[in-house]
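Quick look at query.cif (mmCIF, C-alpha atoms):
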```
data_data
#
loop_
_atom_site.label_atom_id
_atom_site.label_comp_id
_atom_site.auth_asym_id
_atom_site.auth_seq_id
_atom_site.Cartn_x
_atom_site.Cartn_y
_atom_site.Cartn_z
CA MET A 14 -11.17 11.88 -39.61
CA ILE A 15 -10.10 11.10 -36.03
CA ARG A 16 -12.32 13.86 -34.69
CA GLN A 17 -15.26 12.35 -36.57
CA ILE A 18 -14.52 8.87 -35.20
CA ILE A 19 -14.27 10.20 -31.63
CA LYS A 20 -17.47 12.21 -32.06
CA LYS A 21 -19.31 9.09 -33.27
CA ARG A 22 -17.94 7.05 -30.37
CA LYS A 23 -19.12 9.70 -27.93
CA GLU A 24 -22.61 9.58 -29.39
CA ILE A 25 -22.70 5.78 -29.00
CA SER A 26 -21.34 6.05 -25.46
CA LEU A 27 -23.97 8.64 -24.51
CA THR A 28 -26.72 6.29 -25.63
CA LYS A 29 -25.12 3.50 -23.61
CA PHE A 30 -24.80 5.76 -20.56
CA LYS A 31 -28.51 6.48 -20.64
CA GLU A 32 -29.36 2.77 -21.07
CA LEU A 33 -27.07 1.17 -18.49
CA PRO A 34 -28.28 0.82 -14.88
CA TYR A 35 -26.46 2.25 -11.90
CA PRO A 36 -23.82 -0.12 -10.48
CA SER A 37 -25.62 -2.21 -7.87
CA GLN A 38 -24.36 -3.45 -4.54
CA LYS A 39 -25.80 -6.80 -5.60
CA SER A 40 -22.80 -6.99 -7.93
CA GLU A 41 -19.64 -8.29 -6.26
CA SER A 42 -17.49 -5.50 -7.72
CA TRP A 43 -19.72 -2.86 -6.09
CA LYS A 44 -20.85 -4.78 -3.01
CA TYR A 45 -19.22 -2.44 -0.48
CA THR A 46 -19.59 0.84 -2.37
CA ASN A 47 -22.92 2.62 -2.65
CA LEU A 48 -23.57 5.00 -5.56
CA SER A 49 -27.28 5.51 -4.93
CA ASN A 50 -26.81 9.21 -4.07
CA PHE A 51 -24.67 10.15 -7.08
CA LYS A 52 -27.55 11.21 -9.42
CA LEU A 53 -25.30 11.07 -12.46
CA GLU A 54 -27.86 12.44 -14.93
CA GLU A 55 -28.03 15.72 -12.99
CA ILE A 56 -24.28 16.39 -13.05
CA LYS A 57 -23.23 19.28 -15.30
CA GLN A 58 -19.86 19.22 -17.05
CA THR A 59 -17.13 21.49 -15.76
CA THR A 60 -13.38 21.82 -16.24
CA GLN A 61 -10.25 21.66 -14.14
CA GLU A 62 -6.97 23.53 -14.17
CA ILE A 63 -4.06 21.45 -15.48
CA GLU A 64 -0.44 22.49 -15.13
CA PHE A 65 2.15 20.84 -17.42
CA ILE A 66 5.69 20.65 -16.02
CA GLY A 67 8.91 19.12 -17.35
CA LEU A 68 8.84 19.27 -21.14
CA THR A 69 12.09 20.86 -22.31
CA TYR A 70 13.18 22.10 -25.72
CA GLU A 71 15.59 19.15 -25.97
CA LEU A 72 12.76 16.66 -25.37
CA LYS A 73 10.60 18.35 -27.98
CA GLU A 74 13.49 18.04 -30.45
CA LYS A 75 13.59 14.30 -29.71
CA GLY A 76 9.89 14.02 -30.54
CA VAL A 77 8.43 13.83 -27.03
CA ILE A 78 4.86 15.13 -26.88
CA PHE A 79 3.35 16.31 -23.61
CA THR A 80 0.11 18.17 -24.18
CA SER A 81 -3.63 18.18 -23.61
CA ILE A 82 -5.76 15.38 -25.01
CA ASN A 83 -7.71 17.91 -27.08
CA ASP A 84 -4.55 19.34 -28.63
CA ALA A 85 -3.42 15.80 -29.47
CA ILE A 86 -6.72 15.03 -31.20
CA ASN A 87 -6.41 18.21 -33.26
CA ASN A 88 -2.67 18.28 -33.98
CA HIS A 89 -1.13 14.84 -33.45
CA PHE A 90 -3.75 12.64 -35.06
CA GLU A 91 -1.20 10.60 -37.05
CA ILE A 92 0.52 9.42 -33.87
CA MET A 93 -2.78 8.93 -32.07
CA SER A 94 -4.51 7.13 -34.94
CA GLU A 95 -3.67 3.60 -33.75
CA HIS A 96 -4.37 4.38 -30.09
CA LEU A 97 -7.54 6.43 -29.85
CA PRO A 98 -9.04 7.30 -26.46
CA MET A 99 -11.10 4.41 -25.03
CA GLY A 100 -9.02 1.91 -26.98
CA LEU A 101 -8.15 -0.13 -23.88
CA VAL A 102 -10.99 0.60 -21.46
CA ASN A 103 -14.34 -0.69 -22.69
CA TYR A 104 -16.77 2.21 -23.02
CA ASP A 105 -19.70 -0.01 -22.00
CA GLU A 106 -18.02 -1.59 -18.98
CA ASP A 107 -20.56 0.11 -16.72
CA LYS A 108 -22.60 3.30 -16.51
CA LEU A 109 -19.71 5.38 -15.17
CA THR A 110 -17.31 4.28 -17.90
CA ALA A 111 -19.90 5.02 -20.58
CA MET A 112 -20.40 8.43 -18.97
CA HIS A 113 -16.68 9.16 -19.22
CA ALA A 114 -16.52 7.98 -22.83
CA ALA A 115 -19.44 10.25 -23.72
CA TYR A 116 -18.25 13.37 -21.93
CA PHE A 117 -14.44 13.41 -21.64
CA ASN A 118 -13.43 16.94 -22.49
CA ASP A 119 -9.88 17.41 -21.25
CA GLY A 120 -6.86 15.51 -20.02
CA VAL A 121 -3.31 14.64 -21.00
CA PHE A 122 -1.50 13.06 -23.96
CA ILE A 123 2.07 11.78 -23.65
CA TYR A 124 4.10 10.26 -26.45
CA VAL A 125 7.71 9.07 -26.03
CA PRO A 126 9.47 8.00 -29.26
CA LYS A 127 11.58 4.90 -29.78
CA ASN A 128 14.62 4.58 -27.46
CA VAL A 129 14.07 7.99 -25.83
CA SER A 130 14.62 8.03 -22.07
CA LEU A 131 13.63 11.00 -19.92
CA ASN A 132 16.07 11.83 -17.13
CA LEU A 133 13.58 14.00 -15.26
CA PRO A 134 9.88 13.32 -14.70
CA LEU A 135 6.96 14.83 -16.55
CA ARG A 136 4.41 16.17 -14.10
CA ASN A 137 0.79 17.32 -14.17
CA ILE A 138 -0.95 19.17 -11.37
CA PHE A 139 -4.74 18.81 -11.63
CA ASN A 140 -6.74 21.35 -9.65
CA THR A 141 -10.48 20.84 -9.17
CA ILE A 142 -11.89 24.35 -8.95
CA ASN A 143 -15.62 24.01 -9.67
CA LYS A 144 -18.62 21.89 -8.75
CA GLY A 145 -19.90 19.54 -11.42
CA GLY A 146 -18.43 16.69 -13.45
CA ILE A 147 -14.79 16.51 -14.56
CA PHE A 148 -14.08 13.94 -17.28
CA SER A 149 -10.31 13.79 -17.67
CA HIS A 150 -8.62 11.34 -20.05
CA THR A 151 -4.92 10.48 -19.97
CA LEU A 152 -3.39 8.61 -22.91
CA ILE A 153 0.27 7.53 -22.75
CA ILE A 154 2.13 5.85 -25.64
CA LEU A 155 5.64 4.50 -25.08
CA GLU A 156 7.39 3.32 -28.21
CA THR A 157 9.97 0.49 -28.18
CA GLY A 158 12.78 1.19 -25.71
CA ALA A 159 11.21 4.38 -24.35
CA SER A 160 11.22 5.19 -20.62
CA LEU A 161 9.42 7.74 -18.49
CA ASP A 162 8.73 8.81 -14.92
CA TYR A 163 5.33 10.47 -14.76
CA VAL A 164 3.69 12.24 -11.81
CA GLU A 165 0.04 13.16 -11.33
CA GLU A 166 -0.80 15.46 -8.41
CA HIS A 167 -4.46 16.10 -7.62
CA VAL A 168 -5.68 18.95 -5.43
CA SER A 169 -8.86 21.00 -5.10
CA THR A 170 -10.04 24.36 -3.92
CA ASN A 171 -12.66 24.32 -1.18
CA PHE A 172 -16.21 25.04 -2.32
CA GLU A 173 -19.58 24.07 -0.88
CA GLU A 174 -21.03 21.71 -3.49
CA LEU A 175 -19.46 18.45 -4.59
CA ALA A 176 -17.41 17.79 -7.71
CA LEU A 177 -17.35 14.38 -9.35
CA ARG A 178 -14.14 13.34 -11.11
CA ASN A 179 -14.58 10.51 -13.60
CA ASP A 180 -11.22 9.85 -15.23
CA VAL A 181 -9.61 7.18 -17.40
CA VAL A 182 -5.90 6.47 -17.88
CA GLU A 183 -4.71 4.29 -20.78
CA ILE A 184 -1.06 3.23 -21.20
CA TYR A 185 0.45 1.47 -24.20
CA ALA A 186 3.87 0.11 -23.23
CA LYS A 187 5.60 -1.34 -26.28
CA ASP A 188 8.59 -3.70 -26.34
CA ASN A 189 11.26 -2.98 -23.73
CA SER A 190 9.62 0.28 -22.61
CA LYS A 191 9.19 1.42 -19.02
CA ILE A 192 7.01 3.84 -17.07
CA ASN A 193 6.85 4.66 -13.39
CA PHE A 194 3.41 6.21 -12.92
CA HIS A 195 3.02 8.18 -9.67
CA ASN A 196 -0.42 9.31 -8.52
CA PHE A 197 -0.83 11.52 -5.45
CA GLN A 198 -4.17 12.98 -4.44
CA ASN A 199 -5.05 15.16 -1.47
CA TRP A 200 -8.39 16.72 -2.39
CA ASN A 201 -10.61 18.57 0.04
CA ASN A 202 -13.76 16.76 1.13
CA ASN A 203 -15.75 18.31 -1.71
CA VAL A 204 -14.55 15.75 -4.27
CA LYS A 205 -15.81 12.31 -5.24
CA ASN A 206 -13.61 10.34 -7.60
CA ILE A 207 -14.00 7.40 -9.98
CA SER A 208 -10.80 6.31 -11.77
CA ASN A 209 -10.30 3.56 -14.32
CA TRP A 210 -6.69 2.86 -15.33
CA LYS A 211 -5.54 0.24 -17.82
CA ALA A 212 -2.14 -0.67 -19.25
CA LYS A 213 -1.14 -3.04 -22.03
CA LEU A 214 2.40 -4.38 -21.74
CA LYS A 215 4.28 -5.92 -24.66
CA LYS A 216 7.56 -7.88 -24.65
CA ASP A 217 9.89 -6.93 -21.75
CA ALA A 218 7.79 -3.83 -20.96
CA ILE A 219 7.55 -2.53 -17.38
CA VAL A 220 4.65 -0.55 -15.95
CA ASN A 221 4.85 0.41 -12.27
CA PHE A 222 2.17 2.29 -10.35
CA TYR A 223 2.77 4.17 -7.09
CA LEU A 224 -0.39 5.69 -5.67
CA GLY A 225 -1.28 7.71 -2.59
CA GLN A 226 -4.94 8.19 -1.68
CA PHE A 227 -5.50 10.74 1.07
CA GLY A 228 -8.25 13.24 0.21
CA GLY A 229 -11.80 13.43 -1.06
CA VAL A 230 -14.90 12.10 0.62
CA PHE A 231 -14.99 9.13 -1.78
CA SER A 232 -12.44 7.66 -4.16
CA ARG A 233 -12.57 4.49 -6.24
CA ILE A 234 -9.61 3.40 -8.38
CA LYS A 235 -9.56 0.34 -10.62
CA ILE A 236 -6.24 -0.73 -12.16
CA ASP A 237 -6.16 -3.34 -14.94
CA LEU A 238 -2.85 -4.69 -16.21
CA ASP A 239 -2.71 -6.83 -19.35
CA LEU A 240 0.67 -8.53 -19.72
CA VAL A 241 0.63 -9.69 -23.35
CA GLY A 242 4.38 -9.84 -24.05
CA GLN A 243 6.88 -12.29 -22.62
CA GLY A 244 9.22 -10.76 -20.06
CA SER A 245 6.77 -7.99 -19.15
CA SER A 246 6.31 -7.05 -15.50
CA SER A 247 4.39 -4.72 -13.25
CA ASP A 248 4.65 -3.52 -9.66
CA VAL A 249 1.74 -1.74 -7.98
CA LYS A 250 2.45 -0.08 -4.65
CA GLY A 251 -0.34 1.90 -3.00
CA VAL A 252 -1.08 3.64 0.29
CA PHE A 253 -4.25 5.21 1.63
CA PHE A 254 -5.12 6.97 4.87
CA ALA A 255 -8.85 7.40 5.51
CA ASN A 256 -10.36 9.36 8.38
CA LYS A 257 -13.61 11.14 9.24
CA ASN A 258 -16.22 9.60 6.88
CA GLN A 259 -13.95 8.92 3.91
CA HIS A 260 -14.42 5.84 1.75
CA PHE A 261 -11.63 4.37 -0.41
CA ASP A 262 -12.27 1.58 -2.91
CA ILE A 263 -9.22 0.10 -4.70
CA THR A 264 -9.24 -2.73 -7.24
CA THR A 265 -6.23 -4.28 -8.97
CA ASN A 266 -6.50 -6.89 -11.73
CA ILE A 267 -3.35 -8.35 -13.24
CA ASN A 268 -3.80 -10.62 -16.25
CA HIS A 269 -0.88 -12.86 -17.22
CA ASN A 270 -1.61 -13.84 -20.81
CA VAL A 271 1.77 -15.26 -21.93
CA PRO A 272 4.71 -17.12 -20.34
CA ASN A 273 7.50 -15.53 -18.29
CA THR A 274 5.75 -12.51 -16.82
CA ASN A 275 5.93 -11.01 -13.32
CA GLY A 276 3.62 -9.06 -11.04
CA ASP A 277 3.89 -7.72 -7.51
CA ILE A 278 1.06 -5.80 -5.85
CA LEU A 279 1.15 -4.33 -2.34
CA ILE A 280 -1.56 -2.07 -0.91
CA LYS A 281 -1.38 -0.66 2.63
CA GLY A 282 -4.00 1.48 4.35
CA VAL A 283 -4.82 3.15 7.65
CA LEU A 284 -8.38 3.84 8.78
CA ASP A 285 -9.48 6.19 11.55
CA ASP A 286 -12.72 7.74 12.87
CA GLU A 287 -15.70 6.33 10.90
CA SER A 288 -13.93 5.73 7.60
CA THR A 289 -14.36 2.66 5.41
CA SER A 290 -12.38 0.90 2.70
CA VAL A 291 -12.54 -2.01 0.31
CA TYR A 292 -9.74 -3.68 -1.61
CA ARG A 293 -10.23 -6.24 -4.37
CA GLY A 294 -7.32 -7.94 -6.07
CA MET A 295 -7.25 -10.55 -8.81
CA ILE A 296 -4.32 -12.45 -10.27
CA LYS A 297 -5.38 -14.25 -13.45
CA ILE A 298 -2.97 -16.63 -15.16
CA LEU A 299 -4.00 -18.16 -18.47
CA LYS A 300 -3.30 -21.79 -19.40
CA ASN A 301 -0.31 -21.03 -21.61
CA ALA A 302 1.19 -18.44 -19.23
CA GLN A 303 3.79 -20.79 -17.71
CA ASN A 304 6.69 -19.54 -15.55
CA THR A 305 4.64 -16.69 -14.15
CA ASN A 306 5.57 -15.09 -10.82
CA SER A 307 2.78 -13.04 -9.29
CA TYR A 308 2.10 -11.86 -5.75
CA LEU A 309 -0.67 -9.86 -4.16
CA SER A 310 -1.03 -8.56 -0.62
CA ASP A 311 -3.01 -5.90 1.18
CA HIS A 312 -2.93 -4.75 4.78
CA SER A 313 -5.08 -2.40 6.83
CA LEU A 314 -4.23 -0.75 10.12
CA ILE A 315 -7.26 0.20 12.23
CA LEU A 316 -7.10 3.17 14.62
CA SER A 317 -10.80 3.31 15.59
CA ASP A 318 -13.45 0.74 16.45
CA LYS A 319 -15.90 2.58 14.18
CA THR A 320 -13.99 1.92 10.96
CA LYS A 321 -14.62 -0.93 8.54
CA SER A 322 -12.17 -2.55 6.13
CA ASN A 323 -13.07 -5.16 3.50
CA SER A 324 -10.47 -7.27 1.70
CA ILE A 325 -11.15 -9.61 -1.25
CA PRO A 326 -7.93 -11.01 -2.79
CA SER A 327 -8.38 -13.71 -5.46
CA LEU A 328 -6.42 -16.07 -7.69
CA GLU A 329 -7.53 -17.66 -10.97
CA ILE A 330 -4.78 -19.95 -12.23
CA ASP A 331 -5.00 -22.25 -15.27
CA ALA A 332 -1.25 -22.90 -15.66
CA ASN A 333 0.81 -25.31 -13.53
CA GLU A 334 4.39 -23.97 -13.75
CA VAL A 335 3.79 -20.77 -11.77
CA LYS A 336 4.49 -19.06 -8.47
CA ALA A 337 1.48 -17.12 -7.24
CA SER A 338 0.08 -16.21 -3.84
CA HIS A 339 -2.01 -13.64 -2.02
CA GLY A 340 -2.44 -12.48 1.55
CA ALA A 341 -4.31 -9.92 3.63
CA THR A 342 -4.21 -8.64 7.20
CA ILE A 343 -6.38 -6.27 9.24
CA GLY A 344 -5.27 -5.21 12.71
CA LYS A 345 -4.52 -2.48 15.20
CA PRO A 346 -1.17 -0.94 16.18
CA SER A 347 0.66 -3.17 18.62
CA GLU A 348 0.12 -2.05 22.22
CA GLU A 349 3.55 -3.44 23.04
CA GLU A 350 5.16 -1.22 20.41
CA LEU A 351 3.17 1.78 21.62
CA PHE A 352 4.18 1.11 25.24
CA TYR A 353 7.82 0.72 24.24
CA LEU A 354 7.86 4.06 22.41
CA MET A 355 5.86 5.89 25.08
CA ALA A 356 8.19 4.56 27.76
CA ARG A 357 10.94 6.42 25.95
CA GLY A 358 9.18 9.75 26.20
CA LEU A 359 6.91 9.86 23.15
CA SER A 360 3.25 10.81 23.43
CA ARG A 361 0.72 8.25 22.20
CA ILE A 362 0.06 10.35 19.09
CA ASP A 363 3.77 10.61 18.27
CA ALA A 364 4.21 6.89 18.93
CA GLU A 365 1.32 6.08 16.58
CA ARG A 366 2.76 8.44 13.98
CA LEU A 367 6.12 6.69 14.12
CA ILE A 368 4.52 3.26 13.80
CA ILE A 369 2.38 4.39 10.85
CA LEU A 370 5.35 5.91 9.00
CA GLY A 371 7.26 2.67 9.52
CA TYR A 372 4.24 0.67 8.38
CA PHE A 373 4.11 2.63 5.11
CA SER A 374 7.88 2.74 4.53
CA PRO A 375 8.07 -0.44 2.35
CA ILE A 376 6.02 1.54 -0.18
CA THR A 377 7.19 5.13 0.28
CA LYS A 378 10.86 4.09 0.04
CA ASN A 379 10.19 2.98 -3.54
CA ILE A 380 9.24 6.52 -4.59
CA ASN A 381 12.39 7.81 -6.29
CA ILE A 382 11.18 11.40 -6.68
CA GLU A 383 12.29 13.13 -3.51
CA ASP A 384 9.79 16.00 -3.32
CA LEU A 385 6.92 13.58 -3.96
CA LYS A 386 8.15 11.24 -1.24
CA ASN A 387 8.21 14.23 1.12
CA LYS A 388 4.60 15.07 0.22
CA PHE A 389 3.54 11.53 1.02
CA ASN A 390 5.21 11.71 4.44
CA GLU A 391 3.86 15.20 5.19
CA VAL A 392 0.28 14.10 4.55
CA LEU A 393 0.73 10.94 6.59
CA ASN A 394 2.07 13.02 9.49
CA SER A 395 -0.86 15.45 9.26
CA LYS A 396 -3.46 12.67 9.19
CA VAL A 397 -2.48 11.19 12.56
CA ARG A 398 -4.71 12.68 15.23
#
```

Take the structure in this file and express it as structure tokens.
Amino acid sequence: MIRQIIKKRKEISLTKFKELPYPSQKSESWKYTNLSNFKLEEIKQTTQEIEFIGLTYELKEKGVIFTSINDAINNHFEIMSEHLPMGLVNYDEDKLTAMHAAYFNDGVFIYVPKNVSLNLPLRNIFNTINKGGIFSHTLIILETGASLDYVEEHVSTNFEELALRNDVVEIYAKDNSKINFHNFQNWNNNVKNISNWKAKLKKDAIVNFYLGQFGGVFSRIKIDLDLVGQGSSSDVKGVFFANKNQHFDITTNINHNVPNTNGDILIKGVLDDESTSVYRGMIKILKNAQNTNSYLSDHSLILSDKTKSNSIPSLEIDANEVKASHGATIGKPSEEELFYLMARGLSRIDAERLIILGYFSPITKNINIEDLKNKFNEVLNSKVR
């Protein structure tokens, strides 16, 4: 039954994909990102390698499921029945989302039963190995009182033609559940990426995102957070380091729908060479969402005069008993700090590296998985010229 429903949805999505226009730079959400050279209709489906790490016999005995999305559709349909793929993300949001909904053919399914807490993280390593289109879908269901640390690592082999990744992540966080979602990508420059992540948080649920964007020639991530239960909260901490001709596009939308919810978003980036970036952030507080605390800030550090950074933070507040603010900065490393460090024997490159690591530390220090934190710092070190 579920397979038939999903098949029908894919057919509808395919029709929509063919009908919808390409995202236009006349639209505010795509103003600084050009997709005119993507030629989506010509992209052939391909697959990726996915490694599953961390599921023990004891966790299986407790009812934890950590498997591919296809296996879940075939073998765990009773659990999945109320939370089918594309249940949170609208399939007709735009042409790219409809494309994903029509073609998704692999990905990850995670289910954590009521009051089960995982002491060690579950981890997936996604390896892009072929040219073509990869349509990966991640569906995570946390029952009441469940908790999870989850890590996504994205890498690619080096091949001549480009691969397009078009992935969706959907998270259902039920009452008093918690997930720390870590995303780390360091693709080669043969990858373009479009990601659409959405989480629905019920009473006292916590969903935290920690993301590191370092590789690929192009990467766009959109994160939507719907806080629908009182006491729910979300932190989003993200870093990116763009160089050469890379383009990073990050959007965060946090929707406070009920009273007594909290949000804190911090994005920090460094741009070098001829790279470009755009950040859009929206805090939306509905009329009845009193006693909301929500903060949004993004900062860009510029290492080259040929880079370009765009920042569009926004607030939409209909309640009066709230604390909400946003801020943004774009600047270069302080010459005084560089002089101070160089006067103590460091080269300019080493001085810049030290400043950049310190600049990112408010985010990297929040990563509680040691080997992942080390990978963040290693890539940051390697990116400094």

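Put simply, CA of Leu175 in chain A is 9.1 Å away from CA of Gly146 in chain A.
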
State, in Å with one decimal place, the distance from CA of Ala364 in chain A to CA of Gly340 in chain A.
26.9 Å

Let me know the residues the PyMOL selection byres ((chain A and resi 15) around 8) catches in the file above, as a VMD selection string.
chain A and resid 14 16 to 19 86 90 94

For the contact check between range 169-258 of chain A and range 391-395 of chain A, emit one row per residue of range 169-258 of chain A within 9 Å, containing the shortest atom pair and the distance in Å rounded to one decimal, counting only C-alpha atoms, chain then rising number order, as a tab-separated table.
```
residue	atom	partner	partner_atom	distance
A:Asn199	CA	A:Val392	CA	8.1
A:Phe227	CA	A:Val392	CA	7.5
A:Phe254	CA	A:Leu393	CA	7.3
```

Ranking A:Lys213, A:Arg293, A:Lys396, A:Lys321 by minimum distance to Leu101 in chain A and counting only C-alpha atoms, which one comes first?
A:Lys213

Using the chain letters and numbers from the file, which residues does the PyMOL selection byres ((chain A and resi 247-249) around 9) grab, as a PyMOL selection string?
chain A and resi 214+218-224+238+240+245-246+250-251+265+267+274-280

Shortest contact to Pro98 in chain A, candidates A:Lys23, A:Lys52, A:Lys127, A:His167, atoms counted all atoms listed in the file, goes to A:Lys23

Residues matched by the PyMOL selection byres ((chain A and resi 141) around 6) as a list of chain:residue names:
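Output from the PyMOL selection byres ((chain A and resi 141) around 6), applied to this file: A:Gln61, A:Asn140, A:Ile142, A:Ser169.
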
Can you work out which one of A:Tyr292, A:Gly225, A:Tyr185, A:His150 has the shortest atom-to-atom distance to Asp239 in chain A, counting all atoms listed in the file?
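Answer, going by the shortest atom-to-atom distance: A:Tyr185.
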
Distance cut-off 6 Å, centre (6.8, 8.3, -21.8) in file coordinates, counting only C-alpha atoms: which residues qualify? Return them as a ChimeraX atom specification.
/A:124-125,155,160-161

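Ranking A:Leu152, A:Val283, A:Ala176, A:Val77 by their shortest atom-to-atom distance to Leu135 in chain A, with all atoms listed in the file included, puts A:Val77 first.
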
Mind pulling up the distance from CA of Glu348 in chain A to CA of Ser360 in chain A?
13.3 Å

Which polymer residues have any atom within 7 Å of an atom of Ile330 in chain A, counting only C-alpha atoms, with same-chain residues fewer than 4 positions away left out, as a ChimeraX atom specification?
/A:297-299

Would you list the contacts of Val121 in chain A as a list in words, taking every protein, DNA or RNA residue within 10 Å and counting only C-alpha atoms, but skipping same-chain residues closer than 2 positions in sequence?
Ile63, Phe65, Phe79, Thr80, Ser81, Ile82, Asn83, Asp84, Ala85, Asp119, Ile123, Asn137, Ser149, His150, Thr151, Leu152, Ile153 and Val182 of chain A

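Nearest residue to Leu385 in chain A among A:Thr289, A:Thr59, A:Asn196, A:Asn179 is A:Asn196, counting all atoms listed in the file.
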
I'd like the contact shell of Glu32 in chain A - 12 Å cut-off, only C-alpha atoms, skipping same-chain residues fewer than 4 positions apart - returned as a ChimeraX atom specification.
/A:25-28,54,105,107-109,111-112

Which residues come within 12 Å of Lys75 in chain A, counting all atoms listed in the file, excluding same-chain residues fewer than 6 positions away, as JSON, numbers by chain?
{"A": [68, 69, 124, 125, 126, 127, 128, 129, 130, 131, 159]}

Assuming the input is short of atoms at range 41-61 of chain A, produce N, CA and C atoms for that part as a PDB file, in the coordinates of the input.
```pdb
ATOM      1  N   GLU A  41     -20.793  -8.114  -7.139  1.00  0.00           N
ATOM      2  CA  GLU A  41     -19.640  -8.290  -6.260  1.00  0.00           C
ATOM      3  C   GLU A  41     -18.665  -7.124  -6.352  1.00  0.00           C
ATOM      4  N   SER A  42     -18.467  -6.579  -7.550  1.00  0.00           N
ATOM      5  CA  SER A  42     -17.490  -5.500  -7.720  1.00  0.00           C
ATOM      6  C   SER A  42     -17.931  -4.184  -7.081  1.00  0.00           C
ATOM      7  N   TRP A  43     -19.210  -4.074  -6.731  1.00  0.00           N
ATOM      8  CA  TRP A  43     -19.720  -2.860  -6.090  1.00  0.00           C
ATOM      9  C   TRP A  43     -20.372  -3.156  -4.734  1.00  0.00           C
ATOM     10  N   LYS A  44     -20.144  -4.324  -4.210  1.00  0.00           N
ATOM     11  CA  LYS A  44     -20.850  -4.780  -3.010  1.00  0.00           C
ATOM     12  C   LYS A  44     -20.695  -3.841  -1.820  1.00  0.00           C
ATOM     13  N   TYR A  45     -19.511  -3.255  -1.662  1.00  0.00           N
ATOM     14  CA  TYR A  45     -19.220  -2.440  -0.480  1.00  0.00           C
ATOM     15  C   TYR A  45     -19.171  -0.950  -0.785  1.00  0.00           C
ATOM     16  N   THR A  46     -19.615  -0.571  -1.980  1.00  0.00           N
ATOM     17  CA  THR A  46     -19.590   0.840  -2.370  1.00  0.00           C
ATOM     18  C   THR A  46     -20.945   1.228  -2.926  1.00  0.00           C
ATOM     19  N   ASN A  47     -21.553   2.223  -2.312  1.00  0.00           N
ATOM     20  CA  ASN A  47     -22.920   2.620  -2.650  1.00  0.00           C
ATOM     21  C   ASN A  47     -22.921   3.907  -3.471  1.00  0.00           C
ATOM     22  N   LEU A  48     -23.489   3.828  -4.677  1.00  0.00           N
ATOM     23  CA  LEU A  48     -23.570   5.000  -5.560  1.00  0.00           C
ATOM     24  C   LEU A  48     -24.983   5.561  -5.658  1.00  0.00           C
ATOM     25  N   SER A  49     -25.863   5.148  -4.779  1.00  0.00           N
ATOM     26  CA  SER A  49     -27.280   5.510  -4.930  1.00  0.00           C
ATOM     27  C   SER A  49     -27.521   7.015  -4.850  1.00  0.00           C
ATOM     28  N   ASN A  50     -26.607   7.763  -4.215  1.00  0.00           N
ATOM     29  CA  ASN A  50     -26.810   9.210  -4.070  1.00  0.00           C
ATOM     30  C   ASN A  50     -26.021  10.032  -5.077  1.00  0.00           C
ATOM     31  N   PHE A  51     -25.497   9.407  -6.139  1.00  0.00           N
ATOM     32  CA  PHE A  51     -24.670  10.150  -7.080  1.00  0.00           C
ATOM     33  C   PHE A  51     -25.502  10.970  -8.085  1.00  0.00           C
ATOM     34  N   LYS A  52     -26.670  10.487  -8.486  1.00  0.00           N
ATOM     35  CA  LYS A  52     -27.550  11.210  -9.420  1.00  0.00           C
ATOM     36  C   LYS A  52     -26.771  11.704 -10.646  1.00  0.00           C
ATOM     37  N   LEU A  53     -26.221  10.760 -11.370  1.00  0.00           N
ATOM     38  CA  LEU A  53     -25.300  11.070 -12.460  1.00  0.00           C
ATOM     39  C   LEU A  53     -25.931  11.939 -13.548  1.00  0.00           C
ATOM     40  N   GLU A  54     -27.204  11.698 -13.850  1.00  0.00           N
ATOM     41  CA  GLU A  54     -27.860  12.440 -14.930  1.00  0.00           C
ATOM     42  C   GLU A  54     -27.975  13.933 -14.635  1.00  0.00           C
ATOM     43  N   GLU A  55     -27.889  14.315 -13.368  1.00  0.00           N
ATOM     44  CA  GLU A  55     -28.030  15.720 -12.990  1.00  0.00           C
ATOM     45  C   GLU A  55     -26.705  16.475 -12.967  1.00  0.00           C
ATOM     46  N   ILE A  56     -25.601  15.765 -13.147  1.00  0.00           N
ATOM     47  CA  ILE A  56     -24.280  16.390 -13.050  1.00  0.00           C
ATOM     48  C   ILE A  56     -23.966  17.167 -14.332  1.00  0.00           C
ATOM     49  N   LYS A  57     -23.592  18.418 -14.168  1.00  0.00           N
ATOM     50  CA  LYS A  57     -23.230  19.280 -15.300  1.00  0.00           C
ATOM     51  C   LYS A  57     -21.713  19.249 -15.497  1.00  0.00           C
ATOM     52  N   GLN A  58     -21.288  19.240 -16.760  1.00  0.00           N
ATOM     53  CA  GLN A  58     -19.860  19.220 -17.050  1.00  0.00           C
ATOM     54  C   GLN A  58     -19.176  20.504 -16.598  1.00  0.00           C
ATOM     55  N   THR A  59     -17.959  20.338 -16.108  1.00  0.00           N
ATOM     56  CA  THR A  59     -17.130  21.490 -15.760  1.00  0.00           C
ATOM     57  C   THR A  59     -15.693  21.155 -16.165  1.00  0.00           C
ATOM     58  N   THR A  60     -14.777  22.033 -15.873  1.00  0.00           N
ATOM     59  CA  THR A  60     -13.380  21.820 -16.240  1.00  0.00           C
ATOM     60  C   THR A  60     -12.493  21.944 -15.016  1.00  0.00           C
ATOM     61  N   GLN A  61     -11.248  21.557 -15.189  1.00  0.00           N
ATOM     62  CA  GLN A  61     -10.250  21.660 -14.140  1.00  0.00           C
ATOM     63  C   GLN A  61      -9.067  22.462 -14.668  1.00  0.00           C
TER      64      GLN A  61
END
```
